[in-house]
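Below: data22.txt (compact mmCIF, C-alpha atoms)
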# COMPACT_ATOMS: atom_id res chain seq x y z
CA MET A 18 5.55 1.99 -37.57
CA LYS A 19 7.94 -0.62 -38.97
CA ARG A 20 10.65 -2.31 -36.98
CA MET A 21 14.23 -1.05 -37.05
CA ALA A 22 16.05 -3.37 -39.42
CA ASP A 23 19.46 -2.74 -37.86
CA LYS A 24 18.48 -3.48 -34.28
CA GLN A 25 17.77 -6.72 -32.45
CA PRO A 26 14.13 -7.02 -31.30
CA ILE A 27 13.98 -7.21 -27.52
CA THR A 28 11.45 -7.69 -24.76
CA ILE A 29 11.36 -5.14 -21.97
CA PHE A 30 10.34 -6.08 -18.47
CA TRP A 31 9.06 -2.98 -16.69
CA PHE A 32 9.63 -3.15 -12.93
CA ARG A 33 7.10 -1.20 -10.86
CA ARG A 34 5.63 -2.61 -7.63
CA ASP A 35 7.48 -5.93 -7.98
CA LEU A 36 11.07 -5.13 -7.10
CA ARG A 37 12.49 -8.65 -6.95
CA LEU A 38 13.88 -11.23 -9.38
CA ASP A 39 12.51 -14.35 -7.71
CA ASP A 40 8.89 -15.54 -8.04
CA ASN A 41 7.95 -12.61 -10.30
CA ALA A 42 5.07 -13.45 -12.66
CA GLY A 43 5.65 -10.80 -15.32
CA LEU A 44 9.41 -11.31 -15.36
CA TYR A 45 8.93 -15.07 -15.70
CA HIS A 46 6.70 -14.65 -18.75
CA ALA A 47 9.03 -12.02 -20.25
CA LEU A 48 11.99 -14.37 -19.94
CA LYS A 49 10.01 -17.01 -21.85
CA SER A 50 8.91 -14.59 -24.58
CA GLY A 51 11.60 -15.65 -27.08
CA SER A 52 13.43 -12.30 -27.18
CA PRO A 53 16.25 -11.17 -24.87
CA VAL A 54 14.88 -9.25 -21.90
CA LEU A 55 16.00 -5.77 -20.87
CA PRO A 56 14.86 -4.90 -17.31
CA VAL A 57 13.72 -1.27 -16.93
CA PHE A 58 12.70 0.86 -13.96
CA ILE A 59 11.25 4.36 -14.29
CA PHE A 60 11.39 6.88 -11.46
CA ASP A 61 8.06 8.39 -12.49
CA ARG A 62 8.02 12.17 -12.14
CA GLU A 63 4.22 12.12 -12.07
CA ILE A 64 4.59 10.41 -8.67
CA LEU A 65 7.88 11.76 -7.34
CA ASP A 66 7.14 15.42 -8.05
CA LYS A 67 4.06 15.25 -5.82
CA LEU A 68 6.00 14.04 -2.75
CA GLU A 69 6.39 16.72 -0.10
CA ASP A 70 9.55 15.55 1.68
CA SER A 71 12.98 15.49 0.04
CA ASP A 72 14.04 12.73 2.44
CA ASP A 73 10.97 10.54 1.81
CA ALA A 74 12.04 7.15 3.16
CA ARG A 75 10.05 5.28 0.52
CA VAL A 76 12.21 6.79 -2.21
CA THR A 77 15.33 5.74 -0.30
CA PHE A 78 13.90 2.22 0.02
CA ILE A 79 13.11 2.00 -3.70
CA TYR A 80 16.52 3.40 -4.58
CA GLN A 81 18.42 0.93 -2.40
CA THR A 82 16.28 -1.91 -3.76
CA ILE A 83 16.94 -1.12 -7.42
CA GLU A 84 20.65 -0.80 -6.67
CA ALA A 85 20.52 -4.31 -5.20
CA LEU A 86 18.52 -5.54 -8.22
CA ASP A 87 21.15 -4.13 -10.55
CA ILE A 88 23.92 -5.92 -8.66
CA GLU A 89 22.01 -9.20 -9.00
CA LEU A 90 21.39 -8.67 -12.71
CA LYS A 91 25.07 -8.00 -13.32
CA LYS A 92 25.83 -11.52 -12.10
CA TYR A 93 24.02 -12.71 -15.24
CA GLY A 94 25.72 -10.26 -17.59
CA SER A 95 22.76 -7.90 -17.67
CA SER A 96 21.89 -4.60 -16.00
CA LEU A 97 18.91 -2.51 -14.94
CA LEU A 98 18.11 0.49 -17.14
CA VAL A 99 16.85 3.25 -14.83
CA LEU A 100 15.10 6.35 -16.20
CA HIS A 101 13.86 9.48 -14.43
CA ASP A 102 10.99 11.06 -16.32
CA THR A 103 7.27 10.84 -16.82
CA ALA A 104 6.26 7.40 -18.06
CA GLU A 105 5.16 8.90 -21.37
CA LYS A 106 8.51 10.60 -22.08
CA ALA A 107 10.51 7.63 -20.78
CA TRP A 108 8.81 5.34 -23.25
CA ASP A 109 9.33 7.82 -26.08
CA LYS A 110 13.08 7.54 -25.37
CA LEU A 111 13.01 3.76 -25.13
CA LEU A 112 11.15 3.42 -28.41
CA THR A 113 13.78 5.46 -30.23
CA GLN A 114 16.69 3.54 -28.69
CA TYR A 115 15.47 -0.05 -28.98
CA ASP A 116 13.48 -2.25 -31.31
CA ILE A 117 10.88 -3.32 -28.77
CA ALA A 118 8.89 -6.42 -29.67
CA SER A 119 6.92 -6.52 -26.44
CA VAL A 120 6.70 -5.02 -22.96
CA TYR A 121 5.86 -7.17 -19.96
CA ALA A 122 4.73 -5.83 -16.59
CA ASN A 123 2.75 -6.80 -13.53
CA ARG A 124 -0.70 -5.34 -13.01
CA ASP A 125 -1.31 -2.34 -10.80
CA TYR A 126 -4.86 -1.61 -9.67
CA GLU A 127 -4.62 2.05 -8.68
CA PRO A 128 -6.47 4.56 -10.91
CA TYR A 129 -3.36 6.48 -11.99
CA ALA A 130 -1.48 3.28 -12.81
CA LYS A 131 -4.36 1.90 -14.89
CA GLN A 132 -4.59 5.13 -16.90
CA ARG A 133 -0.81 5.20 -17.35
CA ASP A 134 -0.65 1.59 -18.52
CA TYR A 135 -3.48 2.11 -21.00
CA ALA A 136 -1.71 5.17 -22.47
CA ILE A 137 1.62 3.30 -22.75
CA ALA A 138 -0.08 0.27 -24.31
CA GLN A 139 -1.58 2.52 -26.99
CA LYS A 140 1.80 4.17 -27.63
CA LEU A 141 3.50 0.78 -28.00
CA LYS A 142 0.80 -0.42 -30.36
CA LYS A 143 1.69 2.36 -32.81
CA TYR A 144 5.21 0.93 -32.93
CA GLY A 145 4.00 -2.62 -33.44
CA ALA A 146 4.91 -3.59 -29.88
CA GLU A 147 2.68 -5.53 -27.52
CA PHE A 148 1.96 -4.62 -23.88
CA ARG A 149 1.25 -7.64 -21.66
CA ASP A 150 0.46 -7.47 -17.96
CA PHE A 151 0.15 -10.21 -15.34
CA LYS A 152 -1.27 -10.79 -11.89
CA ASP A 153 1.53 -10.69 -9.34
CA GLN A 154 0.76 -8.58 -6.26
CA VAL A 155 -2.41 -10.46 -5.30
CA ILE A 156 -3.50 -14.10 -5.20
CA PHE A 157 -6.80 -13.26 -6.95
CA ASP A 158 -7.72 -10.28 -9.05
CA GLY A 159 -10.32 -9.10 -11.54
CA LEU A 160 -13.17 -11.56 -11.90
CA GLU A 161 -11.60 -14.46 -9.99
CA VAL A 162 -13.47 -13.81 -6.72
CA ILE A 163 -16.91 -12.43 -7.52
CA LYS A 164 -20.52 -12.97 -6.47
CA SER A 165 -22.76 -15.47 -8.21
CA ASP A 166 -24.38 -12.62 -10.17
CA GLY A 167 -20.98 -11.61 -11.56
CA GLY A 168 -20.65 -8.46 -9.49
CA PRO A 169 -17.82 -7.58 -7.09
CA TYR A 170 -18.11 -8.25 -3.39
CA THR A 171 -18.56 -5.14 -1.25
CA VAL A 172 -18.55 -6.91 2.12
CA TYR A 173 -15.40 -8.55 3.41
CA THR A 174 -16.71 -11.71 5.10
CA PRO A 175 -18.42 -13.25 2.03
CA TYR A 176 -15.44 -12.15 -0.07
CA LYS A 177 -13.12 -13.97 2.33
CA ARG A 178 -15.31 -17.06 2.24
CA LYS A 179 -15.26 -17.14 -1.58
CA TRP A 180 -11.50 -16.43 -1.55
CA TYR A 181 -10.88 -19.56 0.53
CA GLU A 182 -13.28 -21.61 -1.63
CA THR A 183 -11.34 -20.56 -4.75
CA LEU A 184 -7.89 -21.19 -3.31
CA THR A 185 -5.98 -24.25 -4.54
CA PRO A 186 -2.22 -25.03 -4.42
CA PHE A 187 -1.99 -23.83 -8.04
CA TYR A 188 -2.48 -20.19 -6.98
CA LEU A 189 0.38 -20.36 -4.48
CA LYS A 190 2.98 -21.82 -6.86
CA THR A 191 6.30 -20.04 -7.31
CA TYR A 192 7.31 -18.69 -10.71
CA PRO A 193 10.78 -20.23 -11.34
CA THR A 194 12.39 -17.16 -12.89
CA LYS A 195 15.98 -18.21 -12.15
CA LYS A 196 15.79 -21.07 -14.67
CA TYR A 197 15.54 -18.50 -17.47
CA PHE A 198 18.03 -15.79 -16.46
CA THR A 199 20.18 -16.76 -19.46
CA ASN A 200 17.49 -14.98 -21.53
CA LEU A 201 18.33 -11.60 -20.00
CA LEU A 202 19.76 -9.10 -22.50
CA LYS A 203 23.54 -8.92 -22.18
CA THR A 204 24.52 -5.30 -21.53
CA ASP A 205 27.34 -3.17 -20.27
CA ALA A 206 26.78 -1.71 -16.82
CA LEU A 207 24.10 0.99 -17.04
CA LYS A 208 24.41 4.11 -14.91
CA ILE A 209 21.73 4.67 -12.26
CA PRO A 210 20.95 8.34 -11.55
CA SER A 211 21.85 9.42 -8.03
CA LEU A 212 19.29 10.22 -5.36
CA LYS A 213 20.37 13.85 -5.63
CA GLN A 214 19.70 13.82 -9.37
CA LEU A 215 16.22 12.55 -8.57
CA GLY A 216 15.73 15.53 -6.26
CA PHE A 217 15.93 13.55 -3.01
CA GLU A 218 18.31 12.86 -0.15
CA GLU A 219 18.82 9.68 1.83
CA SER A 220 16.37 9.16 4.67
CA THR A 221 17.60 8.49 8.19
CA LEU A 222 14.55 6.39 9.10
CA SER A 223 15.08 2.69 9.82
CA LEU A 224 13.61 0.55 7.07
CA PRO A 225 11.85 -2.67 8.13
CA PRO A 226 13.46 -6.06 7.43
CA LYS A 227 11.57 -8.88 5.70
CA ASN A 228 10.82 -10.79 8.90
CA TYR A 229 7.35 -12.23 9.24
CA GLU A 230 7.63 -15.93 10.14
CA ASP A 231 8.02 -15.31 13.87
CA VAL A 232 4.75 -13.41 14.26
CA ILE A 233 2.30 -15.57 12.29
CA LYS A 234 1.79 -18.27 14.92
CA ASP A 235 0.85 -15.92 17.77
CA TYR A 236 -0.54 -13.10 15.66
CA ALA A 237 -4.14 -13.46 16.86
CA GLN A 238 -3.04 -13.12 20.50
CA THR A 239 -0.49 -10.32 20.08
CA ARG A 240 -1.59 -8.11 17.18
CA ASP A 241 -3.77 -5.70 19.17
CA PHE A 242 -1.20 -4.70 21.78
CA PRO A 243 1.03 -1.88 20.50
CA ALA A 244 3.72 -2.37 23.16
CA MET A 245 4.36 -5.92 21.91
CA GLN A 246 6.32 -6.98 18.83
CA GLY A 247 3.20 -8.70 17.55
CA THR A 248 2.99 -7.45 13.97
CA SER A 249 5.24 -8.19 11.01
CA HIS A 250 5.89 -4.72 9.50
CA ILE A 251 5.82 -6.51 6.14
CA GLY A 252 3.54 -3.92 4.53
CA MET A 253 6.33 -1.88 2.96
CA HIS A 254 7.79 -4.96 1.30
CA LEU A 255 4.35 -5.92 -0.01
CA ARG A 256 3.79 -2.38 -1.28
CA PHE A 257 6.93 -2.41 -3.40
CA GLY A 258 7.00 -6.12 -4.15
CA THR A 259 10.29 -6.97 -2.48
CA VAL A 260 8.51 -10.06 -1.17
CA SER A 261 6.11 -12.29 -3.09
CA ILE A 262 2.47 -12.41 -1.97
CA ARG A 263 2.50 -16.12 -2.85
CA GLU A 264 5.38 -16.71 -0.45
CA LEU A 265 3.50 -14.95 2.35
CA ALA A 266 0.22 -16.70 1.64
CA ARG A 267 1.92 -20.10 1.58
CA ALA A 268 3.59 -19.41 4.92
CA ALA A 269 0.35 -18.19 6.50
CA ASN A 270 -1.74 -21.00 5.07
CA ASP A 271 0.42 -23.57 6.86
CA TYR A 272 -1.05 -22.47 10.20
CA SER A 273 -4.44 -23.57 11.47
CA ASP A 274 -5.04 -20.07 12.80
CA LYS A 275 -5.69 -17.96 9.69
CA THR A 276 -5.71 -14.53 11.35
CA TRP A 277 -2.56 -13.33 9.58
CA LEU A 278 -3.70 -14.74 6.25
CA ASN A 279 -7.04 -13.00 6.74
CA GLU A 280 -5.17 -9.69 6.89
CA LEU A 281 -3.65 -10.46 3.48
CA ILE A 282 -7.18 -11.14 2.23
CA TRP A 283 -8.32 -7.76 3.60
CA ARG A 284 -5.56 -6.21 1.49
CA GLU A 285 -6.85 -7.95 -1.64
CA PHE A 286 -10.45 -7.04 -0.81
CA TYR A 287 -9.49 -3.36 -0.66
CA MET A 288 -7.42 -3.63 -3.85
CA MET A 289 -10.31 -5.15 -5.76
CA THR A 290 -12.73 -2.60 -4.29
CA LEU A 291 -10.51 0.19 -5.60
CA ALA A 292 -10.17 -1.54 -8.97
CA HIS A 293 -13.96 -1.80 -9.32
CA PHE A 294 -14.77 1.57 -7.71
CA PRO A 295 -11.87 3.94 -8.51
CA ASN A 296 -13.83 7.04 -7.45
CA THR A 297 -13.54 5.91 -3.82
CA THR A 298 -10.07 7.45 -3.62
CA ASP A 299 -11.78 10.76 -2.86
CA HIS A 300 -15.49 9.95 -2.58
CA ALA A 301 -17.29 7.88 0.01
CA PHE A 302 -18.32 4.44 -1.22
CA ARG A 303 -21.70 5.23 0.32
CA PRO A 304 -22.54 8.53 -1.42
CA GLU A 305 -24.83 9.72 1.36
CA TYR A 306 -21.77 10.07 3.60
CA ASP A 307 -20.41 12.77 1.32
CA ARG A 308 -23.21 14.94 2.73
CA ILE A 309 -21.67 15.02 6.22
CA ASN A 310 -21.13 18.54 7.47
CA TRP A 311 -17.52 18.17 8.63
CA VAL A 312 -16.21 20.71 11.16
CA ASN A 313 -12.64 20.60 9.76
CA ASN A 314 -11.07 22.69 12.51
CA GLU A 315 -7.52 23.34 11.27
CA GLY A 316 -6.13 23.95 14.77
CA GLN A 317 -7.46 20.63 16.00
CA PHE A 318 -6.14 18.90 12.89
CA LYS A 319 -2.68 20.32 13.61
CA ALA A 320 -2.91 19.07 17.21
CA TRP A 321 -3.78 15.62 15.87
CA CYS A 322 -0.87 15.71 13.36
CA ASP A 323 1.52 16.79 16.14
CA GLY A 324 0.34 14.17 18.66
CA GLN A 325 -0.95 16.86 21.04
CA THR A 326 -4.65 15.99 21.38
CA GLY A 327 -4.58 15.23 25.12
CA TYR A 328 -5.59 11.62 24.41
CA PRO A 329 -2.43 9.57 25.03
CA LEU A 330 -3.17 6.57 22.79
CA VAL A 331 -3.98 8.83 19.84
CA ASP A 332 -0.91 10.98 20.51
CA ALA A 333 1.39 7.98 20.93
CA GLY A 334 0.29 6.58 17.58
CA ILE A 335 0.80 9.84 15.72
CA ARG A 336 4.19 10.40 17.34
CA GLU A 337 5.25 6.86 16.43
CA LEU A 338 4.18 7.58 12.86
CA ASN A 339 6.00 10.90 12.67
CA ALA A 340 9.18 9.43 14.14
CA THR A 341 9.32 6.05 12.38
CA GLY A 342 6.96 6.02 9.40
CA TYR A 343 4.95 3.28 11.09
CA MET A 344 1.88 3.17 13.33
CA HIS A 345 0.50 0.09 15.04
CA ASN A 346 -2.64 -1.21 13.31
CA ARG A 347 -4.91 -1.05 16.37
CA VAL A 348 -3.77 2.50 17.05
CA ARG A 349 -4.40 3.47 13.42
CA MET A 350 -8.06 2.65 13.94
CA VAL A 351 -8.23 4.61 17.19
CA ALA A 352 -6.48 7.64 15.69
CA ALA A 353 -8.67 7.56 12.58
CA SER A 354 -11.86 7.21 14.60
CA PHE A 355 -10.82 10.10 16.82
CA LEU A 356 -10.16 12.36 13.82
CA THR A 357 -13.35 11.54 11.94
CA LYS A 358 -15.80 10.97 14.79
CA ASP A 359 -14.53 13.01 17.77
CA LEU A 360 -13.16 15.95 15.80
CA LEU A 361 -15.52 15.63 12.82
CA ILE A 362 -12.62 16.16 10.42
CA ASP A 363 -13.01 14.80 6.89
CA TRP A 364 -11.48 11.33 6.53
CA ARG A 365 -9.68 12.54 3.38
CA TRP A 366 -7.52 14.87 5.52
CA GLY A 367 -6.33 11.93 7.58
CA GLU A 368 -5.91 9.70 4.53
CA ARG A 369 -3.62 12.29 2.94
CA TYR A 370 -1.58 12.66 6.12
CA PHE A 371 -1.05 8.91 6.31
CA ALA A 372 -0.18 8.93 2.59
CA ARG A 373 2.63 11.35 3.32
CA LYS A 374 3.99 9.61 6.42
CA LEU A 375 3.41 5.84 6.23
CA LEU A 376 6.28 3.73 4.92
CA ASP A 377 3.77 0.99 4.09
CA TYR A 378 1.29 3.38 2.49
CA GLU A 379 -0.87 1.64 -0.07
CA LEU A 380 -3.71 3.63 -1.61
CA ALA A 381 -6.33 0.87 -1.57
CA SER A 382 -5.75 -0.23 2.02
CA ASN A 383 -5.39 3.32 3.30
CA VAL A 384 -8.58 4.56 1.65
CA GLY A 385 -10.38 1.38 2.69
CA GLY A 386 -9.22 1.68 6.29
CA TRP A 387 -10.12 5.35 6.60
CA GLN A 388 -13.55 4.82 5.07
CA TRP A 389 -14.08 1.87 7.42
CA CYS A 390 -13.32 4.07 10.43
CA ALA A 391 -15.45 6.93 9.13
CA GLY A 392 -18.35 4.56 8.49
CA CYS A 393 -18.63 5.41 4.80
CA GLY A 394 -16.85 2.51 3.11
CA THR A 395 -17.80 -0.81 1.55
CA ASP A 396 -17.62 -2.90 4.69
CA ALA A 397 -17.54 -0.12 7.22
CA ALA A 398 -18.00 0.02 10.94
CA PRO A 399 -21.46 1.55 11.51
CA TYR A 400 -21.32 5.29 12.03
CA PHE A 401 -22.50 4.96 15.63
CA ARG A 402 -19.48 2.78 16.48
CA ILE A 403 -17.16 5.37 17.97
CA PHE A 404 -13.97 4.26 19.67
CA ASN A 405 -13.48 5.63 23.18
CA PRO A 406 -9.73 6.41 23.16
CA GLN A 407 -9.44 6.09 26.94
CA ALA A 408 -11.21 2.73 27.01
CA GLN A 409 -8.98 1.52 24.14
CA LEU A 410 -5.93 2.57 26.15
CA LYS A 411 -7.02 0.60 29.21
CA LYS A 412 -7.77 -2.46 27.11
CA PHE A 413 -4.72 -2.58 24.85
CA ASP A 414 -1.96 -0.80 26.81
CA PRO A 415 -3.01 -1.37 30.43
CA GLU A 416 0.51 -0.96 31.81
CA PHE A 417 1.15 2.18 29.72
CA LYS A 418 4.26 0.65 28.12
CA TYR A 419 3.44 2.07 24.70
CA ILE A 420 2.44 5.41 26.21
CA LYS A 421 5.65 5.66 28.28
CA LYS A 422 7.68 5.22 25.10
CA TRP A 423 5.92 7.80 22.94
CA VAL A 424 4.22 10.14 25.44
CA PRO A 425 6.58 10.18 28.42
CA GLU A 426 5.19 13.47 29.74
CA TYR A 427 1.82 11.78 30.33
CA ALA A 428 3.16 10.77 33.74
CA ASP A 429 3.32 14.46 34.68
CA PHE A 430 -0.10 15.98 34.18
CA SER A 431 1.35 19.48 34.36
CA LYS A 432 3.30 18.84 31.14
CA TYR A 433 0.68 16.94 29.14
CA PRO A 434 -2.01 18.96 27.32
CA GLU A 435 -5.64 18.89 28.34
CA PRO A 436 -7.92 17.00 25.89
CA ILE A 437 -8.74 19.25 22.94
CA ILE A 438 -12.32 17.98 23.06
CA ASP A 439 -14.54 16.16 25.53
CA HIS A 440 -15.23 12.66 24.23
CA ALA A 441 -18.82 12.48 25.51
CA PHE A 442 -19.64 15.81 23.86
CA ALA A 443 -17.85 14.77 20.68
CA ARG A 444 -19.69 11.47 20.49
CA ASP A 445 -23.08 13.14 20.81
CA ARG A 446 -22.14 15.77 18.21
CA CYS A 447 -20.95 13.08 15.80
CA LEU A 448 -24.15 11.06 16.07
CA LYS A 449 -26.23 14.16 15.35
CA ALA A 450 -24.09 15.18 12.38
CA PHE A 451 -24.15 11.72 10.80
CA LYS A 452 -27.89 11.29 11.38
CA ALA A 453 -28.57 14.68 9.80
CA ALA A 454 -26.48 13.80 6.72
CA LEU A 455 -28.13 10.41 6.27
CA ALA A 456 -31.62 11.89 6.67
CA LYS A 457 -31.22 14.28 3.73
Starting from the file, lay out its structure as structure tokens.
Amino acid sequence: MKRMADKQPITIFWFRRDLRLDDNAGLYHALKSGSPVLPVFIFDREILDKLEDSDDARVTFIYQTIEALDIELKKYGSSLLVLHDTAEKAWDKLLTQYDIASVYANRDYEPYAKQRDYAIAQKLKKYGAEFRDFKDQVIFDGLEVIKSDGGPYTVYTPYKRKWYETLTPFYLKTYPTKKYFTNLLKTDALKIPSLKQLGFEESTLSLPPKNYEDVIKDYAQTRDFPAMQGTSHIGMHLRFGTVSIRELARAANDYSDKTWLNELIWREFYMMTLAHFPNTTDHAFRPEYDRINWVNNEGQFKAWCDGQTGYPLVDAGIRELNATGYMHNRVRMVAASFLTKDLLIDWRWGERYFARKLLDYELASNVGGWQWCAGCGTDAAPYFRIFNPQAQLKKFDPEFKYIKKWVPEYADFSKYPEPIIDHAFARDRCLKAFKAALAK
């Protein structure tokens, strides 16, 4: 299709999981494209319509962030165009309203996003417009950290080793977007649809600030104790790109202790695993584990979701999640192990529950973490490694500070429920079930 002779060709920068103006790879390249840049954000109905809660705090977070982005853009005479539709229909509208020379975006590695971007790229091509995407939410993607035979790593430790071998200061450099803000398209203020128009209401949950510097130094010593303020809660900001991964990696790399940086590498390992093996969203990476005969007791699953299992560390974690949208990382492992190993409930049930509740939910890390706990993932704990929730409590919350906060009735045994399953029995049953599946 030919260009519209009466309209100025523009570049569109499509915000997705990169909701910031500073150090944004795709935005930087868009601003240097030679055409004025119109920033666009799409509230994608393919995603929003599947959310179960009208007060989903992640939608509130995104909404508040794009409002702040729009205020910033107005300082430079521009504005953020916000649409609420499926990506396909949103781009149909944009292509009729503007002469689009090119569309710039940052890469997303989730299966839906990859399919969406391919479809939009093909649509743009018919109009003579180019779709260009860039690496922004990871330090390394694609084929940058691979084995000597060209295949992807499926074990974390050698991946981490190669990641560090590949790292140079070049990969941590900031993209100086601000130098080119004069290339933003000058627009009148554009109206942002209200939360109500999107079908949502404002969440009352507290949203985490972007504080991480204070925890990096002592992270190795404090991260496993849920009663301590030993973790950064930066995951939500990483998920939606309100902080640059390069900024975090630079900060972490300045310390001799790399424990916090190693967690960022875990995130990239899981992202690249999902990119290379997209079927792992709902299938075990090790196919033989899909043969497990799960019990899937719905009553026990409800007790787990309600924090009423009779195991205080598990219950405290779930209650923290339900109340705040966050669960301590150590407790996530204990809760996931209890669901999959003690209760023999399919890891996908737990993964979906976390997907609904976690503010920092990220598909790759969530699937990777659940498969690790269930023993069926790329770099999984062996199936016979089964966390003892009582032993974990004694080790990581010996003074019951975390328990007192989230399970106060534990102090009165008459008010706290009996365990819904005996751990020794559950462990033996789990070992038999996993052995039987793997022997088939």
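With all atoms listed in the file as the atoms that count, the residue of A:Tyr419, A:Asp35, A:Ala269, A:Tyr93 with the shortest distance to Met245 of chain A is A:Tyr419.
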Report task. Between A:Ala206, A:Ile335, A:Leu48, A:Ile117, single out the one closest to Asp87 of chain A, counting all atoms listed in the file. Result ->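 Of A:Ala206, A:Ile335, A:Leu48, A:Ile117, the one nearest Asp87 of chain A is A:Ala206, counting all atoms listed in the file.
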Report task. Write out as an NGL selection string which residues come within 7 Å of segment 175-180 of chain A when counting only C-alpha atoms, dropping same-chain ones fewer than 3 positions away. Result -> :A and (162 or 170 or 172 or 183-184 or 282)
Using C-alpha atoms, can you write the selected residues to a file as an mmCIF file, in the coordinates of the input?
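Result file is result_15.cif:
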data_model
loop_
_atom_site.group_PDB
_atom_site.id
_atom_site.type_symbol
_atom_site.label_atom_id
_atom_site.label_comp_id
_atom_site.auth_asym_id
_atom_site.auth_seq_id
_atom_site.Cartn_x
_atom_site.Cartn_y
_atom_site.Cartn_z
ATOM 1 C CA VAL A 162 -13.470 -13.810 -6.720
ATOM 2 C CA TYR A 170 -18.110 -8.250 -3.390
ATOM 3 C CA VAL A 172 -18.550 -6.910 2.120
ATOM 4 C CA THR A 183 -11.340 -20.560 -4.750
ATOM 5 C CA LEU A 184 -7.890 -21.190 -3.310
ATOM 6 C CA ILE A 282 -7.180 -11.140 2.230
#
**Report entry** Minimum-distance residue to Asn339 of chain A, chosen among A:Asp439, A:Asp396, A:Asp73, A:Asp274 (using only C-alpha atoms)
**Finding:**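 Selected residue with least distance to Asn339 of chain A: A:Asp73.
Taking atom CA of Tyr121 of chain A as the reference point, atom CA of Phe148 of chain A is found at 6.1 Å.
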Query raised in the report: atom CA of Phe451 of chain A and atom CA of Gln409 of chain A are how many Å apart?
Result: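 If I compute the distance from atom CA of Phe451 of chain A to atom CA of Gln409 of chain A, I get 22.6 Å.
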Report task. Would you work out the distance separating atom CA of Asn310 of chain A from atom CA of Asp363 of chain A, expressed in Å to one decimal? Result ->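 Between atom CA of Asn310 of chain A and atom CA of Asp363 of chain A the gap works out to 9.0 Å.
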Query raised in the report: For Asp39 of chain A, which residue among A:Leu356, A:Leu112, A:Leu97, A:Leu90 is the nearest when counting all atoms listed in the file?
Result: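 Of the candidates, the smallest distance to Asp39 of chain A is held by A:Leu90.
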Requested in this report: Pick out the residues sitting within 12 Å of Ala454 of chain A, and hand them over as an MDAnalysis selection string; count all atoms listed in the file, and ignore anything fewer than 3 positions along from it in its own chain.
Outcome: chainID A and resid 303:311 393 400 447:451 457
Requested in this report: Enumerate, as a list in words, the protein, DNA and RNA residues whose atoms approach (6.2, -7.9, 13.8) to within 9 Å, taking into account only C-alpha atoms and the coordinate frame of the file.
Outcome: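 Looking at atoms near the point gives Asn228, Tyr229, Glu230, Asp231, Val232, Ile233, Tyr236, Arg240, Met245, Gln246, Gly247, Thr248, Ser249, His250 and Ile251 of chain A.
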Query - Using all atoms listed in the file: which of A:Ala268, A:Ala453, A:Ala85, A:Cys390 has the shortest distance to Leu189 of chain A - result: A:Ala268
Query raised in the report: Using all atoms listed in the file, which residue out of A:Gln317, A:Thr174, A:Asn41, A:Gln132 lies closest to Glu105 of chain A?
Result: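 Closest to Glu105 of chain A, using all atoms listed in the file: A:Gln132.
Residues in contact with Gly51 of chain A at 12 Å, where all atoms listed in the file are counted and same-chain residues fewer than 4 positions away are skipped, are listed as A:Pro26, A:Ile27, A:Thr28, A:Ile29, A:Tyr45, A:His46, A:Ala47, A:Ala118, A:Ser119, A:Tyr197, A:Thr199, A:Asn200, A:Leu201, A:Leu202.
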Query raised in the report: Near Trp366 of chain A, counting all atoms listed in the file, which residues have an atom at most 10 Å away, once you skip same-chain residues fewer than 2 positions from it, shown as an MDAnalysis selection string?
Result: chainID A and resid 313 318 356:357 362:364 368:372 387
Coordinates of box centre and edge lengths for segment 214-224 of chain A, 4 Å on every side, axis-aligned, as JSON:
{"center_x": 16.7, "center_y": 8.0, "center_z": 0.2, "size_x": 14.1, "size_y": 23.0, "size_z": 27.2}
Export of segment 407-428 of chain A: C-alpha atoms, as a PDB file, in the first residue's frame:
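After the write, part29.pdb holds the following:
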ATOM      1  CA  GLN A 407       8.814 -27.583  59.702  1.00  0.00           C
ATOM      2  CA  ALA A 408      12.583 -27.869  59.301  1.00  0.00           C
ATOM      3  CA  GLN A 409      12.540 -24.836  56.968  1.00  0.00           C
ATOM      4  CA  LEU A 410      10.632 -22.889  59.627  1.00  0.00           C
ATOM      5  CA  LYS A 411      13.187 -23.696  62.328  1.00  0.00           C
ATOM      6  CA  LYS A 412      16.054 -22.753  60.045  1.00  0.00           C
ATOM      7  CA  PHE A 413      14.768 -19.527  58.507  1.00  0.00           C
ATOM      8  CA  ASP A 414      12.296 -18.133  61.065  1.00  0.00           C
ATOM      9  CA  PRO A 415      13.608 -19.547  64.351  1.00  0.00           C
ATOM     10  CA  GLU A 416      12.044 -16.812  66.482  1.00  0.00           C
ATOM     11  CA  PHE A 417       8.688 -17.068  64.657  1.00  0.00           C
ATOM     12  CA  LYS A 418       8.750 -13.360  63.748  1.00  0.00           C
ATOM     13  CA  TYR A 419       7.386 -13.993  60.260  1.00  0.00           C
ATOM     14  CA  ILE A 420       4.860 -16.492  61.590  1.00  0.00           C
ATOM     15  CA  LYS A 421       3.635 -14.112  64.319  1.00  0.00           C
ATOM     16  CA  LYS A 422       2.934 -11.499  61.663  1.00  0.00           C
ATOM     17  CA  TRP A 423       0.994 -13.672  59.228  1.00  0.00           C
ATOM     18  CA  VAL A 424      -0.248 -16.612  61.337  1.00  0.00           C
ATOM     19  CA  PRO A 425      -0.855 -15.074  64.769  1.00  0.00           C
ATOM     20  CA  GLU A 426      -3.215 -17.873  65.828  1.00  0.00           C
ATOM     21  CA  TYR A 427      -0.322 -20.364  65.622  1.00  0.00           C
ATOM     22  CA  ALA A 428       0.464 -19.416  69.217  1.00  0.00           C
TER      23      ALA A 428
END
